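Trainee: Starting off with a structure, shown below.
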Amino acid sequence: MASTTPNIIIAIDGYSSSGKSTMARALAKSIGYRYIDSGAMYRAVTLYAMRHGMISDSGVVDIDKLVSALPDIEIDFAVGHEGQHTLLNGEDVEKQIRQMDVSSNVSPVAAIPQVRRALVAIQQALGKDKRIVMDGRDIGTVVFPDAELKIFVDAPARTRAERRYNELLQKGEPVSFEEVLDNVVSRDHIDETRKESPLRRADDAIALDNSDMSLQQQNDWLLSRFNEVVSTI
Ligand code: DC
């Protein structure tokens, strides 16, 4: 199937913990495309900043220091057993970037224009040959405004926080539901109100509220949208 599928770009944007990565990953696997989680890149830059003392305990980012360090930050992806692994200067940081401390610090880092510019350039290079499914916040609006298929995923904050809380519990992370809900709500706010590329649905994106969908239903829904688009090419 992979070799005969037309080459397109699929942009999946949406709120944090909306399940967009899960559906993006599943689609990429079933159609033989590359999957890129752009949020992992913002998380990796945040981890770098935390490790180098560029974020204070109260969450204030030393923007000048981080911007001058950008040329020293190399982000790459490797394919592991359970999918994509994010590499920060060659080190596999997939596990670390998913922890709560990174989640708590990532939104202010992702609001820095120079960080966005650097990561958008990498994302656009990854998509130059198409055959890619990328998820994030600005993929359909900024990174690939001409993507052939754009989806915008949403669900109420409480539903998304419940999903995230269950994921973290399964991984053995000691967090409270309130902490996770606060994090989801505050990330929504920062992502939606930042000056540079705020989170918003592209005019030509298909909106999906997946609150009442099973994983299978949302994967089937997305595959149908993909088949509709490629049938017109
Ligand atoms: O999808 P995620 O929760 O892993 O994303 C982490 C953070 O990065 C989130 O607060 C928003 C930001 N982000 C962004 O600004 N632009 C993207 N394309 C992807 C993520």
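Chains: A, B, ... in order of the structure tokens. Residues: from 1 per chain. Ligands: from 1, in order shown.
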Tell me, counting only C-alpha atoms and all ligand atoms, for each residue of chain A within 6 Å of ligand 1, which pair of atoms is nearest and how far apart they are in Å to one decimal, in rows ordered by chain and increasing number, as a Markdown table.
Mentor:
| residue | atom | partner | partner_atom_place_in_ligand_line | distance |
| --- | --- | --- | --- | --- |
| A:Ser16 | CA | ligand 1 | 3 (O) | 4.6 |
| A:Ser38 | CA | ligand 1 | 19 (C) | 4.8 |
| A:Gly39 | CA | ligand 1 | 20 (C) | 3.5 |
| A:Ala40 | CA | ligand 1 | 4 (O) | 5.4 |
| A:Tyr42 | CA | ligand 1 | 8 (O) | 5.0 |
| A:Arg43 | CA | ligand 1 | 6 (C) | 5.8 |
| A:Val106 | CA | ligand 1 | 7 (C) | 5.3 |
| A:Ser107 | CA | ligand 1 | 10 (O) | 4.1 |
| A:Ala110 | CA | ligand 1 | 15 (O) | 4.8 |
| A:Gly136 | CA | ligand 1 | 18 (N) | 3.6 |
| A:Arg137 | CA | ligand 1 | 18 (N) | 4.2 |
| A:Asp138 | CA | ligand 1 | 18 (N) | 4.9 |
| A:Ile139 | CA | ligand 1 | 18 (N) | 5.8 |
| A:Arg187 | CA | ligand 1 | 10 (O) | 5.2 |
| A:Asp191 | CA | ligand 1 | 11 (C) | 5.9 |
Trainee: Give me, as an mmCIF file with N, CA and C atoms, in the first residue's frame, all polymer residues having an atom no more than 10 Å from stretch 20-35 of chain A, counting only C-alpha atoms and skipping those fewer than 5 positions away in the same chain.
Mentor:
data_model
loop_
_atom_site.group_PDB
_atom_site.id
_atom_site.type_symbol
_atom_site.label_atom_id
_atom_site.label_comp_id
_atom_site.auth_asym_id
_atom_site.auth_seq_id
_atom_site.Cartn_x
_atom_site.Cartn_y
_atom_site.Cartn_z
ATOM 1 N N MET A 1 0.834 -1.209 0.000
ATOM 2 C CA MET A 1 0.000 0.000 0.000
ATOM 3 C C MET A 1 0.872 1.264 0.000
ATOM 4 N N ALA A 2 1.969 1.221 0.818
ATOM 5 C CA ALA A 2 2.756 2.430 1.014
ATOM 6 C C ALA A 2 3.271 3.021 -0.289
ATOM 7 N N SER A 3 3.797 2.168 -1.191
ATOM 8 C CA SER A 3 4.449 2.707 -2.368
ATOM 9 C C SER A 3 3.443 3.310 -3.354
ATOM 10 N N THR A 4 2.166 2.880 -3.314
ATOM 11 C CA THR A 4 1.199 3.403 -4.272
ATOM 12 C C THR A 4 0.383 4.566 -3.701
ATOM 13 N N THR A 5 0.520 4.815 -2.404
ATOM 14 C CA THR A 5 -0.228 5.908 -1.798
ATOM 15 C C THR A 5 0.314 7.231 -2.324
ATOM 16 N N ASN A 7 1.628 11.068 -2.390
ATOM 17 C CA ASN A 7 2.438 11.753 -1.386
ATOM 18 C C ASN A 7 1.712 13.000 -0.909
ATOM 19 N N ILE A 8 1.264 12.988 0.308
ATOM 20 C CA ILE A 8 0.616 14.188 0.844
ATOM 21 C C ILE A 8 1.182 14.499 2.233
ATOM 22 N N ILE A 9 0.768 15.643 2.747
ATOM 23 C CA ILE A 9 1.131 16.022 4.122
ATOM 24 C C ILE A 9 -0.146 16.049 4.950
ATOM 25 N N ILE A 10 -0.083 15.453 6.128
ATOM 26 C CA ILE A 10 -1.242 15.449 7.020
ATOM 27 C C ILE A 10 -0.873 16.215 8.289
ATOM 28 N N ALA A 11 -1.611 17.286 8.555
ATOM 29 C CA ALA A 11 -1.353 18.138 9.720
ATOM 30 C C ALA A 11 -2.445 17.890 10.752
ATOM 31 N N ILE A 12 -2.037 17.490 11.956
ATOM 32 C CA ILE A 12 -3.021 17.230 13.013
ATOM 33 C C ILE A 12 -2.722 18.139 14.196
ATOM 34 N N ASP A 13 -3.565 19.133 14.396
ATOM 35 C CA ASP A 13 -3.365 20.065 15.493
ATOM 36 C C ASP A 13 -4.453 19.880 16.533
ATOM 37 N N GLY A 14 -4.197 20.447 17.711
ATOM 38 C CA GLY A 14 -5.238 20.385 18.728
ATOM 39 C C GLY A 14 -4.681 20.657 20.100
ATOM 40 N N TYR A 15 -5.569 20.603 21.060
ATOM 41 C CA TYR A 15 -5.242 20.904 22.451
ATOM 42 C C TYR A 15 -4.381 19.795 23.054
ATOM 43 N N GLY A 83 7.895 2.866 18.776
ATOM 44 C CA GLY A 83 7.669 4.067 17.978
ATOM 45 C C GLY A 83 8.802 5.061 18.095
ATOM 46 N N GLN A 84 8.441 6.339 17.858
ATOM 47 C CA GLN A 84 9.432 7.399 17.793
ATOM 48 C C GLN A 84 10.117 7.673 19.138
ATOM 49 N N LEU A 126 11.706 18.331 7.402
ATOM 50 C CA LEU A 126 11.280 16.925 7.537
ATOM 51 C C LEU A 126 10.134 16.605 6.565
ATOM 52 N N GLY A 127 9.376 17.637 6.186
ATOM 53 C CA GLY A 127 8.220 17.400 5.316
ATOM 54 C C GLY A 127 8.475 17.696 3.851
ATOM 55 N N LYS A 130 7.154 15.197 1.558
ATOM 56 C CA LYS A 130 5.783 14.823 1.966
ATOM 57 C C LYS A 130 5.768 13.436 2.623
ATOM 58 N N ARG A 131 4.688 12.650 2.455
ATOM 59 C CA ARG A 131 4.552 11.343 3.112
ATOM 60 C C ARG A 131 4.838 11.460 4.610
ATOM 61 N N ILE A 132 4.185 12.446 5.230
ATOM 62 C CA ILE A 132 4.440 12.682 6.650
ATOM 63 C C ILE A 132 3.131 13.031 7.355
ATOM 64 N N VAL A 133 3.001 12.535 8.581
ATOM 65 C CA VAL A 133 1.902 12.931 9.454
ATOM 66 C C VAL A 133 2.572 13.667 10.608
ATOM 67 N N MET A 134 2.230 14.950 10.795
ATOM 68 C CA MET A 134 2.856 15.700 11.888
ATOM 69 C C MET A 134 1.772 16.258 12.789
ATOM 70 N N ASP A 135 1.965 16.114 14.094
ATOM 71 C CA ASP A 135 0.976 16.702 14.992
ATOM 72 C C ASP A 135 1.601 17.807 15.826
ATOM 73 N N GLY A 136 0.747 18.741 16.262
ATOM 74 C CA GLY A 136 1.232 19.867 17.056
ATOM 75 C C GLY A 136 0.145 20.887 17.305
ATOM 76 N N ILE A 151 -6.456 18.390 10.309
ATOM 77 C CA ILE A 151 -7.441 18.002 11.321
ATOM 78 C C ILE A 151 -7.183 18.853 12.565
ATOM 79 N N PHE A 152 -8.241 19.248 13.249
ATOM 80 C CA PHE A 152 -8.094 19.962 14.519
ATOM 81 C C PHE A 152 -8.883 19.200 15.578
ATOM 82 N N VAL A 153 -8.163 18.659 16.561
ATOM 83 C CA VAL A 153 -8.784 17.782 17.554
ATOM 84 C C VAL A 153 -9.037 18.542 18.860
ATOM 85 N N ASP A 154 -10.219 18.336 19.413
ATOM 86 C CA ASP A 154 -10.534 18.979 20.687
ATOM 87 C C ASP A 154 -11.410 18.042 21.522
ATOM 88 N N LEU A 208 -12.572 17.871 14.966
ATOM 89 C CA LEU A 208 -12.995 16.591 15.542
ATOM 90 C C LEU A 208 -13.061 16.704 17.062
ATOM 91 N N ASN A 210 -13.350 14.259 19.907
ATOM 92 C CA ASN A 210 -13.264 12.795 20.042
ATOM 93 C C ASN A 210 -13.657 12.313 21.446
ATOM 94 N N LEU A 215 -10.579 4.506 20.673
ATOM 95 C CA LEU A 215 -9.370 4.655 19.861
ATOM 96 C C LEU A 215 -9.608 4.135 18.454
ATOM 97 N N GLN A 216 -10.282 2.972 18.396
ATOM 98 C CA GLN A 216 -10.546 2.362 17.090
ATOM 99 C C GLN A 216 -11.408 3.281 16.226
ATOM 100 N N GLN A 217 -12.443 3.858 16.861
ATOM 101 C CA GLN A 217 -13.326 4.754 16.099
ATOM 102 C C GLN A 217 -12.573 5.974 15.568
ATOM 103 N N GLN A 218 -11.695 6.533 16.403
ATOM 104 C CA GLN A 218 -11.010 7.726 15.910
ATOM 105 C C GLN A 218 -9.977 7.373 14.842
ATOM 106 N N ASN A 219 -9.356 6.203 14.974
ATOM 107 C CA ASN A 219 -8.408 5.785 13.928
ATOM 108 C C ASN A 219 -9.147 5.542 12.607
ATOM 109 N N ASP A 220 -10.312 4.904 12.707
ATOM 110 C CA ASP A 220 -11.097 4.634 11.488
ATOM 111 C C ASP A 220 -11.563 5.941 10.850
ATOM 112 N N TRP A 221 -11.983 6.861 11.712
ATOM 113 C CA TRP A 221 -12.456 8.165 11.220
ATOM 114 C C TRP A 221 -11.344 8.858 10.439
ATOM 115 N N LEU A 222 -10.125 8.848 11.023
ATOM 116 C CA LEU A 222 -9.006 9.544 10.384
ATOM 117 C C LEU A 222 -8.611 8.862 9.068
ATOM 118 N N LEU A 223 -8.602 7.539 9.079
ATOM 119 C CA LEU A 223 -8.250 6.811 7.854
ATOM 120 C C LEU A 223 -9.267 7.121 6.746
ATOM 121 N N PHE A 226 -8.426 10.445 5.297
ATOM 122 C CA PHE A 226 -7.247 10.294 4.430
ATOM 123 C C PHE A 226 -7.674 9.707 3.082
ATOM 124 N N ASN A 227 -8.472 8.637 3.114
ATOM 125 C CA ASN A 227 -8.888 7.994 1.859
ATOM 126 C C ASN A 227 -9.711 8.941 0.996
#
Trainee: Hey, which bits of stretch 93-166 of chain A sit within 12 Å of stretch 65-77 of chain A, and for each residue what's the closest pair of atoms and how far apart in Å (one decimal), counting only C-alpha atoms, rows by chain and increasing number, as CSV?
Mentor:
residue,atom,partner,partner_atom,distance
A:Val93,CA,A:Ile75,CA,10.2
A:Glu94,CA,A:Phe77,CA,9.6
A:Pro108,CA,A:Leu66,CA,11.9
A:Val109,CA,A:Leu66,CA,9.0
A:Ala110,CA,A:Leu66,CA,11.7
A:Ile112,CA,A:Val67,CA,8.6
A:Pro113,CA,A:Val67,CA,9.5
A:Gln114,CA,A:Val67,CA,6.6
A:Val115,CA,A:Val67,CA,7.0
A:Arg116,CA,A:Val67,CA,10.6
A:Arg117,CA,A:Leu70,CA,10.7
A:Ala118,CA,A:Leu70,CA,7.9
A:Leu119,CA,A:Ile75,CA,9.0
A:Ile122,CA,A:Ile75,CA,8.9
A:Gln123,CA,A:Asp76,CA,10.7
A:Leu126,CA,A:Asp76,CA,10.4
Trainee: Using only C-alpha atoms, please write the residues we just selected to a file, as a CSV table (one decimal), in the first residue's frame.
Mentor:
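The resulting selection_8.csv:
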chain,number,residue,atom,x,y,z
A,93,VAL,CA,15.3,11.6,26.1
A,94,GLU,CA,11.9,10.2,25.2
A,108,PRO,CA,6.7,29.4,28.0
A,109,VAL,CA,9.6,27.9,26.1
A,110,ALA,CA,7.2,27.2,23.1
A,112,ILE,CA,9.6,32.2,22.4
A,113,PRO,CA,9.6,33.3,18.7
A,114,GLN,CA,13.2,32.3,18.1
A,115,VAL,CA,12.6,28.8,19.4
A,116,ARG,CA,9.5,28.5,17.2
A,117,ARG,CA,11.4,29.7,14.1
A,118,ALA,CA,14.2,27.2,14.7
A,119,LEU,CA,11.9,24.3,15.2
A,122,ILE,CA,13.4,21.7,11.1
A,123,GLN,CA,9.8,20.5,10.8
A,126,LEU,CA,11.3,16.9,7.5
Trainee: List as a tab-separated table every residue of stretch 60-161 of chain A that is in contact with stretch 174-181 of chain A, defined as an atom at most 12 Å from one of its atoms (using only C-alpha atoms), together with the nearest atom pair and the distance in Å rounded to one decimal, sorted by chain and then rising number.
Mentor:
residue	atom	partner	partner_atom	distance
A:Gln99	CA	A:Val175	CA	10.2
A:Met100	CA	A:Val175	CA	8.1
A:Asp101	CA	A:Val175	CA	10.8
A:Ser103	CA	A:Val180	CA	9.5
A:Ser104	CA	A:Val180	CA	9.5
A:Pro156	CA	A:Leu181	CA	10.9
A:Ala157	CA	A:Leu181	CA	7.3
A:Arg158	CA	A:Leu181	CA	6.6
A:Thr159	CA	A:Leu181	CA	9.3
A:Arg160	CA	A:Leu181	CA	8.2
A:Ala161	CA	A:Leu181	CA	5.0
Trainee: Filtering to all heavy atoms, could you give me those residues as a PDB file, in the first residue's frame?
Mentor:
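Result file part17.pdb:
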ATOM      1  N   GLN A  99       7.826  13.765  31.342  1.00  0.00           N
ATOM      2  CA  GLN A  99       7.551  13.913  32.771  1.00  0.00           C
ATOM      3  C   GLN A  99       6.931  15.270  33.092  1.00  0.00           C
ATOM      4  O   GLN A  99       7.032  16.206  32.306  1.00  0.00           O
ATOM      5  CB  GLN A  99       8.835  13.650  33.566  1.00  0.00           C
ATOM      6  CG  GLN A  99       9.103  12.146  33.588  1.00  0.00           C
ATOM      7  CD  GLN A  99      10.483  11.758  34.043  1.00  0.00           C
ATOM      8  OE1 GLN A  99      11.364  12.594  34.195  1.00  0.00           O
ATOM      9  NE2 GLN A  99      10.682  10.468  34.262  1.00  0.00           N
ATOM     10  N   MET A 100       6.264  15.307  34.257  1.00  0.00           N
ATOM     11  CA  MET A 100       5.489  16.492  34.635  1.00  0.00           C
ATOM     12  C   MET A 100       6.329  17.767  34.687  1.00  0.00           C
ATOM     13  O   MET A 100       5.845  18.842  34.341  1.00  0.00           O
ATOM     14  CB  MET A 100       4.826  16.285  36.008  1.00  0.00           C
ATOM     15  CG  MET A 100       3.394  15.814  35.991  1.00  0.00           C
ATOM     16  SD  MET A 100       2.286  16.642  34.854  1.00  0.00           S
ATOM     17  CE  MET A 100       1.727  17.993  35.860  1.00  0.00           C
ATOM     18  N   ASP A 101       7.588  17.661  35.139  1.00  0.00           N
ATOM     19  CA  ASP A 101       8.384  18.887  35.268  1.00  0.00           C
ATOM     20  C   ASP A 101       8.594  19.537  33.895  1.00  0.00           C
ATOM     21  O   ASP A 101       8.542  20.752  33.758  1.00  0.00           O
ATOM     22  CB  ASP A 101       9.721  18.623  35.997  1.00  0.00           C
ATOM     23  CG  ASP A 101      10.533  17.497  35.389  1.00  0.00           C
ATOM     24  OD1 ASP A 101      10.032  16.796  34.478  1.00  0.00           O
ATOM     25  OD2 ASP A 101      11.691  17.314  35.811  1.00  0.00           O
ATOM     26  N   SER A 103       6.485  19.072  31.305  1.00  0.00           N
ATOM     27  CA  SER A 103       5.150  19.561  30.914  1.00  0.00           C
ATOM     28  C   SER A 103       4.852  20.920  31.538  1.00  0.00           C
ATOM     29  O   SER A 103       4.224  21.774  30.926  1.00  0.00           O
ATOM     30  CB  SER A 103       4.060  18.575  31.342  1.00  0.00           C
ATOM     31  OG  SER A 103       4.246  17.341  30.712  1.00  0.00           O
ATOM     32  N   SER A 104       5.308  21.112  32.775  1.00  0.00           N
ATOM     33  CA  SER A 104       5.014  22.369  33.464  1.00  0.00           C
ATOM     34  C   SER A 104       5.795  23.541  32.893  1.00  0.00           C
ATOM     35  O   SER A 104       5.381  24.683  33.034  1.00  0.00           O
ATOM     36  CB  SER A 104       5.360  22.263  34.947  1.00  0.00           C
ATOM     37  OG  SER A 104       4.718  21.170  35.499  1.00  0.00           O
ATOM     38  N   PRO A 156     -13.242  18.396  25.891  1.00  0.00           N
ATOM     39  CA  PRO A 156     -13.228  19.239  27.090  1.00  0.00           C
ATOM     40  C   PRO A 156     -11.973  19.002  27.947  1.00  0.00           C
ATOM     41  O   PRO A 156     -11.454  17.877  27.981  1.00  0.00           O
ATOM     42  CB  PRO A 156     -14.484  18.797  27.845  1.00  0.00           C
ATOM     43  CG  PRO A 156     -15.364  18.188  26.814  1.00  0.00           C
ATOM     44  CD  PRO A 156     -14.453  17.582  25.789  1.00  0.00           C
ATOM     45  N   ALA A 157     -11.522  20.063  28.637  1.00  0.00           N
ATOM     46  CA  ALA A 157     -10.279  19.982  29.417  1.00  0.00           C
ATOM     47  C   ALA A 157     -10.304  18.830  30.422  1.00  0.00           C
ATOM     48  O   ALA A 157      -9.308  18.126  30.616  1.00  0.00           O
ATOM     49  CB  ALA A 157     -10.047  21.307  30.135  1.00  0.00           C
ATOM     50  N   ARG A 158     -11.445  18.618  31.070  1.00  0.00           N
ATOM     51  CA  ARG A 158     -11.539  17.572  32.092  1.00  0.00           C
ATOM     52  C   ARG A 158     -11.338  16.179  31.464  1.00  0.00           C
ATOM     53  O   ARG A 158     -10.628  15.335  32.016  1.00  0.00           O
ATOM     54  CB  ARG A 158     -12.893  17.673  32.799  1.00  0.00           C
ATOM     55  CG  ARG A 158     -13.053  16.797  34.007  1.00  0.00           C
ATOM     56  CD  ARG A 158     -14.173  17.286  34.894  1.00  0.00           C
ATOM     57  NE  ARG A 158     -13.719  18.231  35.906  1.00  0.00           N
ATOM     58  CZ  ARG A 158     -13.160  17.887  37.061  1.00  0.00           C
ATOM     59  NH1 ARG A 158     -12.966  16.631  37.370  1.00  0.00           N
ATOM     60  NH2 ARG A 158     -12.780  18.785  37.931  1.00  0.00           N
ATOM     61  N   THR A 159     -11.912  15.971  30.306  1.00  0.00           N
ATOM     62  CA  THR A 159     -11.760  14.677  29.605  1.00  0.00           C
ATOM     63  C   THR A 159     -10.294  14.460  29.240  1.00  0.00           C
ATOM     64  O   THR A 159      -9.728  13.375  29.417  1.00  0.00           O
ATOM     65  CB  THR A 159     -12.598  14.692  28.294  1.00  0.00           C
ATOM     66  OG1 THR A 159     -13.905  15.120  28.604  1.00  0.00           O
ATOM     67  CG2 THR A 159     -12.601  13.351  27.608  1.00  0.00           C
ATOM     68  N   ARG A 160      -9.648  15.530  28.752  1.00  0.00           N
ATOM     69  CA  ARG A 160      -8.249  15.394  28.360  1.00  0.00           C
ATOM     70  C   ARG A 160      -7.366  15.162  29.584  1.00  0.00           C
ATOM     71  O   ARG A 160      -6.421  14.372  29.537  1.00  0.00           O
ATOM     72  CB  ARG A 160      -7.811  16.645  27.584  1.00  0.00           C
ATOM     73  CG  ARG A 160      -8.494  16.716  26.216  1.00  0.00           C
ATOM     74  CD  ARG A 160      -8.063  17.910  25.400  1.00  0.00           C
ATOM     75  NE  ARG A 160      -8.680  19.154  25.811  1.00  0.00           N
ATOM     76  CZ  ARG A 160      -8.030  20.215  26.278  1.00  0.00           C
ATOM     77  NH1 ARG A 160      -6.711  20.190  26.383  1.00  0.00           N
ATOM     78  NH2 ARG A 160      -8.657  21.297  26.630  1.00  0.00           N
ATOM     79  N   ALA A 161      -7.686  15.843  30.690  1.00  0.00           N
ATOM     80  CA  ALA A 161      -6.893  15.676  31.915  1.00  0.00           C
ATOM     81  C   ALA A 161      -7.047  14.242  32.447  1.00  0.00           C
ATOM     82  O   ALA A 161      -6.079  13.654  32.943  1.00  0.00           O
ATOM     83  CB  ALA A 161      -7.329  16.687  32.959  1.00  0.00           C
TER      84      ALA A 161
END
Trainee: Run DSSP on the backbone and tell me which residues of stretch 62-125 of chain A come out as strand (DSSP E or B); list them as JSON, numbers by chain.
Mentor: {"A": [75, 76, 77, 78, 79, 80, 83, 84, 85, 86, 87, 88, 91, 92]}
Trainee: Mind the document's chain letters and residue numbers, and return as a PyMOL selection string the residues of stretch 37-153 of chain A that DSSP labels alpha helix (DSSP H).
Mentor: chain A and resi 38-51+63-69+100-110+113-126
Trainee: Got time to write the residues from that selection, C-alpha atoms, as a PDB file, in the first residue's frame?
Mentor:
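Wrote it out as selection.pdb, contents follow:
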ATOM      1  CA  SER A  38       6.396  18.290  16.932  1.00  0.00           C
ATOM      2  CA  GLY A  39       5.540  18.792  20.624  1.00  0.00           C
ATOM      3  CA  ALA A  40       8.446  16.446  21.443  1.00  0.00           C
ATOM      4  CA  MET A  41      10.801  19.023  19.918  1.00  0.00           C
ATOM      5  CA  TYR A  42       9.512  21.818  22.171  1.00  0.00           C
ATOM      6  CA  ARG A  43       9.774  19.422  25.095  1.00  0.00           C
ATOM      7  CA  ALA A  44      13.393  18.531  24.206  1.00  0.00           C
ATOM      8  CA  VAL A  45      14.387  22.222  24.051  1.00  0.00           C
ATOM      9  CA  THR A  46      12.694  22.686  27.437  1.00  0.00           C
ATOM     10  CA  LEU A  47      14.625  19.769  28.928  1.00  0.00           C
ATOM     11  CA  TYR A  48      17.862  21.261  27.613  1.00  0.00           C
ATOM     12  CA  ALA A  49      16.977  24.632  29.178  1.00  0.00           C
ATOM     13  CA  MET A  50      16.126  22.970  32.517  1.00  0.00           C
ATOM     14  CA  ARG A  51      19.359  20.998  32.561  1.00  0.00           C
ATOM     15  CA  ILE A  63      15.233  33.816  27.133  1.00  0.00           C
ATOM     16  CA  ASP A  64      18.527  35.428  26.042  1.00  0.00           C
ATOM     17  CA  LYS A  65      20.567  32.515  27.327  1.00  0.00           C
ATOM     18  CA  LEU A  66      18.289  29.956  25.673  1.00  0.00           C
ATOM     19  CA  VAL A  67      18.206  31.799  22.351  1.00  0.00           C
ATOM     20  CA  SER A  68      22.015  31.973  22.247  1.00  0.00           C
ATOM     21  CA  ALA A  69      22.208  28.258  23.042  1.00  0.00           C
ATOM     22  CA  MET A 100       5.489  16.492  34.635  1.00  0.00           C
ATOM     23  CA  ASP A 101       8.384  18.887  35.268  1.00  0.00           C
ATOM     24  CA  VAL A 102       8.919  19.264  31.509  1.00  0.00           C
ATOM     25  CA  SER A 103       5.150  19.561  30.914  1.00  0.00           C
ATOM     26  CA  SER A 104       5.014  22.369  33.464  1.00  0.00           C
ATOM     27  CA  ASN A 105       7.809  24.365  31.813  1.00  0.00           C
ATOM     28  CA  VAL A 106       7.217  23.741  28.105  1.00  0.00           C
ATOM     29  CA  SER A 107       4.556  26.338  27.242  1.00  0.00           C
ATOM     30  CA  PRO A 108       6.666  29.437  28.034  1.00  0.00           C
ATOM     31  CA  VAL A 109       9.552  27.922  26.054  1.00  0.00           C
ATOM     32  CA  ALA A 110       7.217  27.232  23.099  1.00  0.00           C
ATOM     33  CA  PRO A 113       9.601  33.328  18.746  1.00  0.00           C
ATOM     34  CA  GLN A 114      13.234  32.339  18.072  1.00  0.00           C
ATOM     35  CA  VAL A 115      12.616  28.825  19.436  1.00  0.00           C
ATOM     36  CA  ARG A 116       9.545  28.492  17.210  1.00  0.00           C
ATOM     37  CA  ARG A 117      11.406  29.728  14.133  1.00  0.00           C
ATOM     38  CA  ALA A 118      14.230  27.228  14.656  1.00  0.00           C
ATOM     39  CA  LEU A 119      11.881  24.284  15.204  1.00  0.00           C
ATOM     40  CA  VAL A 120       9.510  25.217  12.368  1.00  0.00           C
ATOM     41  CA  ALA A 121      12.500  25.209   9.983  1.00  0.00           C
ATOM     42  CA  ILE A 122      13.402  21.662  11.082  1.00  0.00           C
ATOM     43  CA  GLN A 123       9.760  20.545  10.760  1.00  0.00           C
ATOM     44  CA  GLN A 124       9.456  21.984   7.250  1.00  0.00           C
ATOM     45  CA  ALA A 125      12.675  20.223   6.214  1.00  0.00           C
ATOM     46  CA  LEU A 126      11.280  16.925   7.537  1.00  0.00           C
TER      47      LEU A 126
END
Trainee: Calculated over only C-alpha atoms, which of the candidates A:Val230, A:Ala111, A:Leu168, A:Ala155 has the smallest distance to A:Ala207?
Mentor: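 Between A:Val230, A:Ala111, A:Leu168, A:Ala155, the residue approaching A:Ala207 most closely is A:Ala155.
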